2 protein chains.
Amino acid sequence: MTGHAAKRPSTAYDVARAAGVSQSTVSRAFTPGASISPQTLEKVVSAAKSLGYQPNLIARTLITRRSNIIGLALAHMDNEFYAMLLNALNDELAPLGRRLLLFSGDPRGESDPMLSEILKYQVDAIILASTTLSSSLAEDCRAAGIPIILINRASAAKGVSTITGDNIVGACMIADFLMRGGHRQLAVVAGLENSSTSREREEAFIRQVVSAGHSRPYRAVGHYQADATRAAVRQLLAGPNAPDGIFCANDFMAFVAIEVARYEFGLDVGRDISIIGFDNVQSAASPCWALTTFSQPVRAMAQAASMLIQSGEEIELHQRVPGELIVRGSARIPTS
Amino acid sequence: MTGHAAKRPSTAYDVARAAGVSQSTVSRAFTPGASISPQTLEKVVSAAKSLGYQPNLIARTLITRRSNIIGLALAHMDNEFYAMLLNALNDELAPLGRRLLLFSGDPRGESDPMLSEILKYQVDAIILASTTLSSSLAEDCRAAGIPIILINRASAAKGVSTITGDNIVGACMIADFLMRGGHRQLAVVAGLENSSTSREREEAFIRQVVSAGHSRPYRAVGHYQADATRAAVRQLLAGPNAPDGIFCANDFMAFVAIEVARYEFGLDVGRDISIIGFDNVQSAASPCWALTTFSQPVRAMAQAASMLIQSGEEIELHQRVPGELIVRGSARIPTS
DNA sequence: ATGAAAGCGCTAACAT
DNA sequence: ATGTTAGCGCTTTCAT
């Protein structure tokens, strides 16, 4: 269109000729710790500048076997939590010169076909968030010496590190908060059945309530999806002995629950009914939701991931990042 | 820790030996259209499988000069619109075998130092969303034959393509809608001063209102930020002749405006005051906001970007993706 | 249809 | 401190 032929970018060799040095000297000029005299460095740099030379990271990767690329697999980004996590991860990794290569994919089941793609890119590490890890991928990565970090998921696989929020402590604190608030009947809305995170939160909650002598909470499943959650909450609230306290396994579902309670059932959320979430996403603070929730600090999780990546390959660490109960208006506040 | 030495992945050469063929035959076996007999293909494939061979895309990139990686630069992801855009882009590109490499960065000013990094990765194209394009980067890319696609931004630079929503039509429709709703005094909350998108929306709105003979709208600046927007809206509403109709340059700021109007000034949004946004992000549909807004269809924008990338390098296209006025409850509905 | 050989742009010994 | 040499793992002529 412009008739402007794409002239290929200049190489280290071009720079070498222009500066009257060898090609390896050019390489050294762009290697931080290399031994090179100030004058030749200067010569090379100015030659490079005038040629518009940029070191080719692909070629560098081929030989150093370090791409500085981190593969990030996410299922669905409609959940605000993952948008925040993505941001935090990037903020943590970018200053270290590492970039995120996105493998966001079909939310259904094992997204493995896509994940095997990751390996082909010589990524330095793989971060899996909201994705189930197939044992075959885990094995492949281990063989290739690529560290795998699971965020918000557990895994039995050898060699994979995990970073999770404090699901059990959080769920128990929420249960206590709800019980001290004097509710008649509680309920829990689970996320995905096969998600370790959702299961931990749900089971801890139920255990805590039951062991305190309260009646067993109702249970519904929202699949972390708006429609399913809406249906689940409707059914819960339409029942004969509707719950007056609901714990949703994440904030996203809690927002939906609030909508249903407030706009479909005309309930005053925080008085007639208490609704609590998990994650403490940004929107939770909006006066519109004023969601009481348990925080999962993405910043801290991203830092943990970053440290794991920095500290070399052969570690397997399981880190629980602590959170705290964030009390707002969506749940009755115990008087005591 | 595991004591398990990272054995390097097997190469095409390994497979060649195992299958008793030449290395180039292995290459052909993994090249879709290559001429290879069914039997040798079979031999190679099974050898590859048993060795766990994966073609090294980095090496391939070095020679083909196509990485199948698209660089994506975003400023801030806290804006739901960009999360949606990221999703849409990925959904569109992933089936084509193209991955997004993220360059999300400091929101302040020209994020250029980071962007020059992009070139080093041999990306096939660069998508810039919510980022100002420096002319030097534009020039570098043009020289290297790398297509640049701006989403939601205009640019005078030669050779860059742009994809934008219908800012002017949208702003005019919003102005009309507000005027037909019979408001006394209108106001507009602009985003960033130097954002072409915000300027287009703001100017078209003001022009439309003024040319209809209405009194000139007030103007405030929210910088696409929560705090600044909150302050701006407060000032607007605290004034002597407060506006009863506000157009915010995006949904994100409109949400903040609703919060301030409703929770700080006790206004009934949709009756006492009308608030309209731009983008139609998912949350806008929530009954909590019920935001009247003008849609910017991310799906269509992503498709446009994808087509631009597919169709080769040398095009410069300026595409406006049409949107529509989405009427909900946050603004008075004209009776006529 | 297959193999041999060259080389993509770079880093990393090894010399000097 | 600098140059020489040998690859990294692959695609691509060019032969056969």
# chains A, B, ... in the order shown; residues from 1 in each chain; ligands from 1

$ residues_around --residues "Asn68 of chain A" --least-positions-apart "3" --cutoff "10 Å" --atoms "only C-alpha atoms (C1' of nucleotides)" --output "mmCIF file with N, CA and C atoms, in the first residue's frame"
data_model
loop_
_atom_site.group_PDB
_atom_site.id
_atom_site.type_symbol
_atom_site.label_atom_id
_atom_site.label_comp_id
_atom_site.auth_asym_id
_atom_site.auth_seq_id
_atom_site.Cartn_x
_atom_site.Cartn_y
_atom_site.Cartn_z
ATOM 1 N N LEU A 57 15.727 -10.905 20.591
ATOM 2 C CA LEU A 57 15.568 -11.759 21.770
ATOM 3 C C LEU A 57 15.265 -13.196 21.405
ATOM 4 N N THR A 61 17.220 -16.223 22.896
ATOM 5 C CA THR A 61 16.516 -17.288 23.607
ATOM 6 C C THR A 61 16.961 -18.661 23.122
ATOM 7 N N ARG A 65 18.409 -20.439 26.167
ATOM 8 C CA ARG A 65 17.275 -21.205 26.673
ATOM 9 C C ARG A 65 16.523 -20.452 27.770
ATOM 10 N N GLY A 71 4.492 -18.079 30.691
ATOM 11 C CA GLY A 71 3.182 -18.465 30.169
ATOM 12 C C GLY A 71 2.131 -18.342 31.258
ATOM 13 N N LEU A 93 6.251 -8.732 37.458
ATOM 14 C CA LEU A 93 7.188 -9.391 36.552
ATOM 15 C C LEU A 93 7.845 -8.431 35.557
ATOM 16 N N ALA A 94 7.111 -7.440 35.107
ATOM 17 C CA ALA A 94 7.623 -6.546 34.069
ATOM 18 C C ALA A 94 8.927 -5.848 34.481
ATOM 19 N N LEU A 96 11.193 -6.929 36.139
ATOM 20 C CA LEU A 96 12.261 -7.917 36.074
ATOM 21 C C LEU A 96 12.546 -8.326 34.631
ATOM 22 N N GLY A 97 11.890 -7.637 33.714
ATOM 23 C CA GLY A 97 12.137 -7.935 32.311
ATOM 24 C C GLY A 97 11.411 -9.163 31.804
ATOM 25 N N ARG A 98 10.424 -9.603 32.549
ATOM 26 C CA ARG A 98 9.711 -10.799 32.112
ATOM 27 C C ARG A 98 8.316 -10.417 31.651
ATOM 28 N N ARG A 99 7.914 -11.054 30.558
ATOM 29 C CA ARG A 99 6.630 -10.732 29.943
ATOM 30 C C ARG A 99 5.677 -11.899 30.073
ATOM 31 N N LEU A 100 4.416 -11.589 30.080
ATOM 32 C CA LEU A 100 3.402 -12.637 30.162
ATOM 33 C C LEU A 100 2.870 -12.981 28.780
ATOM 34 N N GLN A 122 9.146 -22.133 24.749
ATOM 35 C CA GLN A 122 10.329 -22.010 25.603
ATOM 36 C C GLN A 122 10.113 -21.065 26.777
ATOM 37 N N VAL A 123 8.913 -21.080 27.306
ATOM 38 C CA VAL A 123 8.644 -20.195 28.431
ATOM 39 C C VAL A 123 9.506 -20.577 29.625
ATOM 40 N N ASP A 124 9.839 -19.595 30.439
ATOM 41 C CA ASP A 124 10.680 -19.845 31.603
ATOM 42 C C ASP A 124 9.902 -20.446 32.764
ATOM 43 N N ALA A 125 8.611 -20.220 32.746
ATOM 44 C CA ALA A 125 7.760 -20.755 33.808
ATOM 45 C C ALA A 125 6.323 -20.688 33.336
#

$ residues_around --residues "segment 152-161 of chain B" --least-positions-apart "5" --cutoff "8 Å" --atoms "only C-alpha atoms (C1' of nucleotides)" --output "NGL selection string"
(:A and (2)) or (:B and (129-133 or 135 or 138 or 142 or 147 or 195-197 or 314-319))

$ interface_residues --of "chain C" --to "chain A" --cutoff "8 Å" --atoms "only C-alpha atoms (C1' of nucleotides)" --output "ChimeraX atom specification"
/C:9-11

$ write_last_selection --atoms "N, CA and C atoms (P, O5', C5', C4', C3', O3' and C1' of nucleotides)" --output "PDB file, in the first residue's frame"
ATOM      1  P    DG C   9      18.927 -12.464  10.258  1.00  0.00           P
ATOM      2  O5'  DG C   9      19.430 -12.315  11.758  1.00  0.00           O
ATOM      3  C5'  DG C   9      18.482 -12.214  12.799  1.00  0.00           C
ATOM      4  C4'  DG C   9      19.179 -12.481  14.114  1.00  0.00           C
ATOM      5  C3'  DG C   9      20.353 -11.550  14.414  1.00  0.00           C
ATOM      6  O3'  DG C   9      20.106 -10.935  15.665  1.00  0.00           O
ATOM      7  C1'  DG C   9      20.947 -13.804  14.780  1.00  0.00           C
ATOM      8  P    DC C  10      21.174 -10.043  16.407  1.00  0.00           P
ATOM      9  O5'  DC C  10      21.788 -11.081  17.437  1.00  0.00           O
ATOM     10  C5'  DC C  10      21.016 -11.446  18.558  1.00  0.00           C
ATOM     11  C4'  DC C  10      21.479 -12.767  19.100  1.00  0.00           C
ATOM     12  C3'  DC C  10      22.693 -12.697  20.013  1.00  0.00           C
ATOM     13  O3'  DC C  10      22.237 -12.475  21.342  1.00  0.00           O
ATOM     14  C1'  DC C  10      22.761 -14.583  18.541  1.00  0.00           C
ATOM     15  P    DT C  11      23.324 -12.039  22.422  1.00  0.00           P
ATOM     16  O5'  DT C  11      23.942 -13.438  22.858  1.00  0.00           O
ATOM     17  C5'  DT C  11      23.094 -14.371  23.512  1.00  0.00           C
ATOM     18  C4'  DT C  11      23.870 -15.624  23.854  1.00  0.00           C
ATOM     19  C3'  DT C  11      24.975 -15.450  24.882  1.00  0.00           C
ATOM     20  O3'  DT C  11      24.951 -16.613  25.683  1.00  0.00           O
ATOM     21  C1'  DT C  11      25.894 -16.336  22.905  1.00  0.00           C
TER      22       DT C  11
END

$ residues_around --residues "DG3 of chain C" --least-positions-apart "4" --cutoff "10 Å" --atoms "only C-alpha atoms (C1' of nucleotides)" --output "PyMOL selection string"
(chain B and resi 21-25) or (chain D and resi 15-16)

$ write_last_selection --atoms "N, CA and C atoms (P, O5', C5', C4', C3', O3' and C1' of nucleotides)" --output "short mmCIF file (atom, residue, chain, number, x, y, z; two decimals), in the first residue's frame"
data_model
loop_
_atom_site.label_atom_id
_atom_site.label_comp_id
_atom_site.auth_asym_id
_atom_site.auth_seq_id
_atom_site.Cartn_x
_atom_site.Cartn_y
_atom_site.Cartn_z
N VAL B 21 15.44 -41.32 9.69
CA VAL B 21 15.29 -40.43 8.54
C VAL B 21 16.18 -39.21 8.75
N SER B 22 16.14 -38.32 7.80
CA SER B 22 16.95 -37.11 7.96
C SER B 22 16.18 -36.07 8.77
N GLN B 23 16.89 -35.14 9.28
CA GLN B 23 16.27 -34.11 10.11
C GLN B 23 15.29 -33.28 9.29
N SER B 24 15.59 -33.07 8.05
CA SER B 24 14.65 -32.25 7.26
C SER B 24 13.34 -32.98 7.04
N THR B 25 13.40 -34.30 7.01
CA THR B 25 12.16 -35.06 6.89
C THR B 25 11.30 -34.86 8.13
P DA D 15 21.63 -27.17 -7.75
"O5'" DA D 15 22.18 -28.66 -7.59
"C5'" DA D 15 21.27 -29.67 -7.27
"C4'" DA D 15 21.93 -30.72 -6.42
"C3'" DA D 15 21.98 -32.08 -7.11
"O3'" DA D 15 23.10 -32.84 -6.71
"C1'" DA D 15 20.37 -32.11 -5.33
P DT D 16 23.51 -34.04 -7.73
"O5'" DT D 16 22.50 -35.21 -7.39
"C5'" DT D 16 22.65 -35.91 -6.16
"C4'" DT D 16 21.41 -36.73 -5.87
"C3'" DT D 16 21.04 -37.74 -6.96
"O3'" DT D 16 21.38 -39.06 -6.50
"C1'" DT D 16 19.13 -36.69 -6.00
#

$ closest_residue --among "A:Arg230, A:Arg17, A:Arg201, A:Lys7" --to "chain B" --atoms "only C-alpha atoms"
A:Lys7

$ residues_around --residues "Ala290 of chain A" --least-positions-apart "5" --cutoff "7 Å" --atoms "only C-alpha atoms (C1' of nucleotides)" --output "PDB file with all heavy atoms, in the first residue's frame"
ATOM      1  N   ALA A 284     -16.199  -4.703  45.196  1.00  0.00           N
ATOM      2  CA  ALA A 284     -16.834  -5.050  46.461  1.00  0.00           C
ATOM      3  C   ALA A 284     -16.946  -3.830  47.369  1.00  0.00           C
ATOM      4  O   ALA A 284     -17.834  -3.750  48.217  1.00  0.00           O
ATOM      5  CB  ALA A 284     -16.056  -6.159  47.150  1.00  0.00           C
ATOM      6  N   ALA A 285     -16.051  -2.888  47.177  1.00  0.00           N
ATOM      7  CA  ALA A 285     -16.042  -1.704  48.028  1.00  0.00           C
ATOM      8  C   ALA A 285     -17.089  -0.676  47.615  1.00  0.00           C
ATOM      9  O   ALA A 285     -17.398   0.238  48.377  1.00  0.00           O
ATOM     10  CB  ALA A 285     -14.658  -1.064  48.001  1.00  0.00           C
ATOM     11  N   ARG A 328     -18.244  -5.026  55.603  1.00  0.00           N
ATOM     12  CA  ARG A 328     -18.967  -3.897  55.028  1.00  0.00           C
ATOM     13  C   ARG A 328     -20.442  -4.060  55.368  1.00  0.00           C
ATOM     14  O   ARG A 328     -20.774  -4.621  56.416  1.00  0.00           O
ATOM     15  CB  ARG A 328     -18.725  -3.842  53.521  1.00  0.00           C
ATOM     16  CG  ARG A 328     -17.256  -3.609  53.148  1.00  0.00           C
ATOM     17  CD  ARG A 328     -17.116  -3.089  51.736  1.00  0.00           C
ATOM     18  NE  ARG A 328     -15.700  -2.915  51.358  1.00  0.00           N
ATOM     19  CZ  ARG A 328     -14.964  -3.833  50.748  1.00  0.00           C
ATOM     20  NH1 ARG A 328     -15.492  -5.006  50.435  1.00  0.00           N
ATOM     21  NH2 ARG A 328     -13.701  -3.602  50.457  1.00  0.00           N
ATOM     22  N   GLY A 329     -21.316  -3.620  54.494  1.00  0.00           N
ATOM     23  CA  GLY A 329     -22.713  -3.591  54.901  1.00  0.00           C
ATOM     24  C   GLY A 329     -23.601  -4.732  54.434  1.00  0.00           C
ATOM     25  O   GLY A 329     -24.782  -4.776  54.786  1.00  0.00           O
ATOM     26  N   SER A 330     -23.037  -5.679  53.651  1.00  0.00           N
ATOM     27  CA  SER A 330     -23.930  -6.670  53.052  1.00  0.00           C
ATOM     28  C   SER A 330     -24.329  -7.793  54.003  1.00  0.00           C
ATOM     29  O   SER A 330     -25.144  -8.634  53.665  1.00  0.00           O
ATOM     30  CB  SER A 330     -23.286  -7.269  51.798  1.00  0.00           C
ATOM     31  OG  SER A 330     -22.197  -8.090  52.164  1.00  0.00           O
TER      32      SER A 330
END

$ interface_residues --of "chain D" --to "chain A" --cutoff "8 Å" --atoms "only C-alpha atoms (C1' of nucleotides)" --output "JSON, numbers by chain"
{"D": [1, 2, 3, 8, 9]}

$ write_last_selection --atoms "N, CA and C atoms (P, O5', C5', C4', C3', O3' and C1' of nucleotides)" --output "short mmCIF file (atom, residue, chain, number, x, y, z; two decimals), in the first residue's frame"
data_model
loop_
_atom_site.label_atom_id
_atom_site.label_comp_id
_atom_site.auth_asym_id
_atom_site.auth_seq_id
_atom_site.Cartn_x
_atom_site.Cartn_y
_atom_site.Cartn_z
P DA D 1 39.11 -5.44 30.40
"O5'" DA D 1 38.77 -5.00 28.92
"C5'" DA D 1 39.42 -3.90 28.36
"C4'" DA D 1 39.77 -4.26 26.94
"C3'" DA D 1 38.56 -4.38 26.02
"O3'" DA D 1 38.92 -3.81 24.77
"C1'" DA D 1 39.76 -6.42 26.03
P DT D 2 37.87 -3.44 23.71
"O5'" DT D 2 37.93 -4.69 22.75
"C5'" DT D 2 38.87 -4.72 21.70
"C4'" DT D 2 39.04 -6.12 21.19
"C3'" DT D 2 37.94 -6.61 20.26
"O3'" DT D 2 38.38 -6.41 18.92
"C1'" DT D 2 38.87 -8.33 21.65
P DG D 3 37.42 -6.74 17.69
"O5'" DG D 3 37.89 -8.21 17.31
"C5'" DG D 3 39.25 -8.42 16.98
"C4'" DG D 3 39.51 -9.90 16.72
"C3'" DG D 3 38.56 -10.54 15.71
"O3'" DG D 3 39.31 -11.40 14.86
"C1'" DG D 3 38.48 -11.75 17.75
P DC D 8 24.15 -27.59 19.09
"O5'" DC D 8 22.98 -26.61 19.56
"C5'" DC D 8 22.90 -26.10 20.88
"C4'" DC D 8 21.81 -25.07 20.92
"C3'" DC D 8 20.55 -25.48 20.17
"O3'" DC D 8 19.61 -25.97 21.12
"C1'" DC D 8 21.22 -23.22 19.62
P DG D 9 19.08 -27.44 21.01
"O5'" DG D 9 17.98 -27.33 19.87
"C5'" DG D 9 16.81 -26.55 20.09
"C4'" DG D 9 16.15 -26.28 18.77
"C3'" DG D 9 15.75 -27.54 17.99
"O3'" DG D 9 14.38 -27.45 17.70
"C1'" DG D 9 16.91 -26.03 16.61
#

$ residues_around --residues "Gly270 of chain B" --least-positions-apart "6" --cutoff "12 Å" --atoms "only C-alpha atoms (C1' of nucleotides)" --output "PyMOL selection string"
chain B and resi 178+181+183+244-246+258+261-262+276+289-292+327-334

$ write_last_selection --atoms "C-alpha atoms" --output "CSV table (one decimal), in the first residue's frame"
chain,number,residue,atom,x,y,z
B,178,LEU,CA,-30.7,13.8,27.3
B,181,GLY,CA,-35.5,14.0,28.3
B,183,HIS,CA,-33.1,18.4,31.4
B,244,ASP,CA,-29.5,17.2,36.2
B,245,GLY,CA,-28.0,15.3,33.3
B,246,ILE,CA,-24.4,14.1,33.1
B,258,ILE,CA,-23.9,7.3,40.1
B,261,ALA,CA,-25.1,11.2,43.2
B,262,ARG,CA,-26.9,8.4,44.9
B,276,ILE,CA,-25.1,8.2,30.9
B,289,TRP,CA,-26.3,0.5,38.0
B,290,ALA,CA,-28.8,0.0,35.2
B,291,LEU,CA,-26.6,2.3,33.2
B,292,THR,CA,-27.8,3.9,30.0
B,327,VAL,CA,-31.3,2.5,27.3
B,328,ARG,CA,-31.6,1.4,30.9
B,329,GLY,CA,-32.7,3.2,34.0
B,330,SER,CA,-29.9,5.6,34.9
B,331,ALA,CA,-31.3,8.4,32.7
B,332,ARG,CA,-34.7,9.8,32.3
B,333,ILE,CA,-36.5,8.3,29.3
B,334,PRO,CA,-38.0,10.8,26.9

$ closest_residue --among "B:Ala254, B:Val260, B:Cys248, B:Val209" --to "chain A" --atoms "only C-alpha atoms"
B:Val260

$ select_by_dssp --residues "segment 56-264 of chain A" --states "strand (DSSP E)" --output "PDB file with C-alpha atoms, in the first residue's frame"
ATOM      1  CA  ILE A  69       8.537 -15.146  28.843  1.00  0.00           C
ATOM      2  CA  ILE A  70       6.159 -16.509  31.427  1.00  0.00           C
ATOM      3  CA  GLY A  71       3.182 -18.465  30.169  1.00  0.00           C
ATOM      4  CA  LEU A  72      -0.013 -17.529  31.928  1.00  0.00           C
ATOM      5  CA  ALA A  73      -3.069 -19.705  31.604  1.00  0.00           C
ATOM      6  CA  LEU A  74      -6.400 -18.365  32.726  1.00  0.00           C
ATOM      7  CA  ARG A  99       6.630 -10.732  29.943  1.00  0.00           C
ATOM      8  CA  LEU A 100       3.402 -12.637  30.162  1.00  0.00           C
ATOM      9  CA  LEU A 101       2.276 -14.734  27.244  1.00  0.00           C
ATOM     10  CA  LEU A 102      -1.420 -15.276  27.517  1.00  0.00           C
ATOM     11  CA  PHE A 103      -3.108 -18.627  27.179  1.00  0.00           C
ATOM     12  CA  SER A 104      -6.600 -17.743  28.129  1.00  0.00           C
ATOM     13  CA  ALA A 125       7.760 -20.755  33.808  1.00  0.00           C
ATOM     14  CA  ILE A 126       4.081 -21.438  33.655  1.00  0.00           C
ATOM     15  CA  ILE A 127       1.495 -19.864  35.879  1.00  0.00           C
ATOM     16  CA  LEU A 128      -1.842 -21.586  35.981  1.00  0.00           C
ATOM     17  CA  ALA A 129      -4.727 -19.693  37.470  1.00  0.00           C
ATOM     18  CA  ILE A 148       4.788 -24.659  37.218  1.00  0.00           C
ATOM     19  CA  ILE A 149       2.993 -22.389  39.618  1.00  0.00           C
ATOM     20  CA  LEU A 150      -0.630 -22.929  40.428  1.00  0.00           C
ATOM     21  CA  ILE A 151      -2.536 -19.966  41.746  1.00  0.00           C
ATOM     22  CA  VAL A 160       4.457 -27.965  41.096  1.00  0.00           C
ATOM     23  CA  SER A 161       4.243 -25.043  43.475  1.00  0.00           C
ATOM     24  CA  THR A 162       0.996 -23.588  44.633  1.00  0.00           C
ATOM     25  CA  ILE A 163      -0.109 -20.212  45.880  1.00  0.00           C
ATOM     26  CA  THR A 164      -3.507 -19.956  47.424  1.00  0.00           C
ATOM     27  CA  GLY A 165      -5.505 -17.695  49.620  1.00  0.00           C
ATOM     28  CA  LEU A 186     -27.398 -20.389  56.519  1.00  0.00           C
ATOM     29  CA  ALA A 187     -26.566 -21.413  52.971  1.00  0.00           C
ATOM     30  CA  VAL A 188     -23.484 -21.710  50.852  1.00  0.00           C
ATOM     31  CA  VAL A 189     -23.162 -21.209  47.117  1.00  0.00           C
ATOM     32  CA  ALA A 190     -20.297 -23.284  45.802  1.00  0.00           C
ATOM     33  CA  TYR A 218     -28.158 -25.383  52.527  1.00  0.00           C
ATOM     34  CA  ARG A 219     -25.953 -25.894  49.566  1.00  0.00           C
ATOM     35  CA  ALA A 220     -26.252 -24.716  45.977  1.00  0.00           C
ATOM     36  CA  VAL A 221     -23.824 -24.550  43.086  1.00  0.00           C
ATOM     37  CA  GLY A 245     -27.403 -15.764  55.545  1.00  0.00           C
ATOM     38  CA  ILE A 246     -25.561 -16.807  52.405  1.00  0.00           C
ATOM     39  CA  PHE A 247     -21.874 -17.384  51.852  1.00  0.00           C
ATOM     40  CA  CYS A 248     -20.858 -17.301  48.200  1.00  0.00           C
TER      41      CYS A 248
END

$ decode --residues "segment 194-213 of chain B" --atoms "C-alpha atoms" --output "PDB file, in the first residue's frame"
ATOM      1  CA  ASN B 194      -4.904  14.015  25.585  1.00  0.00           C
ATOM      2  CA  SER B 195      -7.015  11.033  24.656  1.00  0.00           C
ATOM      3  CA  SER B 196      -8.526  11.366  21.214  1.00  0.00           C
ATOM      4  CA  THR B 197     -11.383   9.143  22.243  1.00  0.00           C
ATOM      5  CA  SER B 198     -12.374  11.276  25.173  1.00  0.00           C
ATOM      6  CA  ARG B 199     -11.984  14.450  23.179  1.00  0.00           C
ATOM      7  CA  GLU B 200     -14.154  13.180  20.355  1.00  0.00           C
ATOM      8  CA  ARG B 201     -16.917  12.170  22.707  1.00  0.00           C
ATOM      9  CA  GLU B 202     -16.768  15.337  24.698  1.00  0.00           C
ATOM     10  CA  GLU B 203     -16.593  17.724  21.796  1.00  0.00           C
ATOM     11  CA  ALA B 204     -19.341  16.048  19.824  1.00  0.00           C
ATOM     12  CA  PHE B 205     -21.557  16.118  22.886  1.00  0.00           C
ATOM     13  CA  ILE B 206     -21.014  19.785  23.583  1.00  0.00           C
ATOM     14  CA  ARG B 207     -21.396  20.730  19.946  1.00  0.00           C
ATOM     15  CA  GLN B 208     -24.642  18.838  19.656  1.00  0.00           C
ATOM     16  CA  VAL B 209     -26.092  20.411  22.774  1.00  0.00           C
ATOM     17  CA  VAL B 210     -25.013  23.929  21.966  1.00  0.00           C
ATOM     18  CA  SER B 211     -26.127  23.760  18.347  1.00  0.00           C
ATOM     19  CA  ALA B 212     -29.560  22.726  19.528  1.00  0.00           C
ATOM     20  CA  GLY B 213     -29.781  25.974  21.377  1.00  0.00           C
TER      21      GLY B 213
END
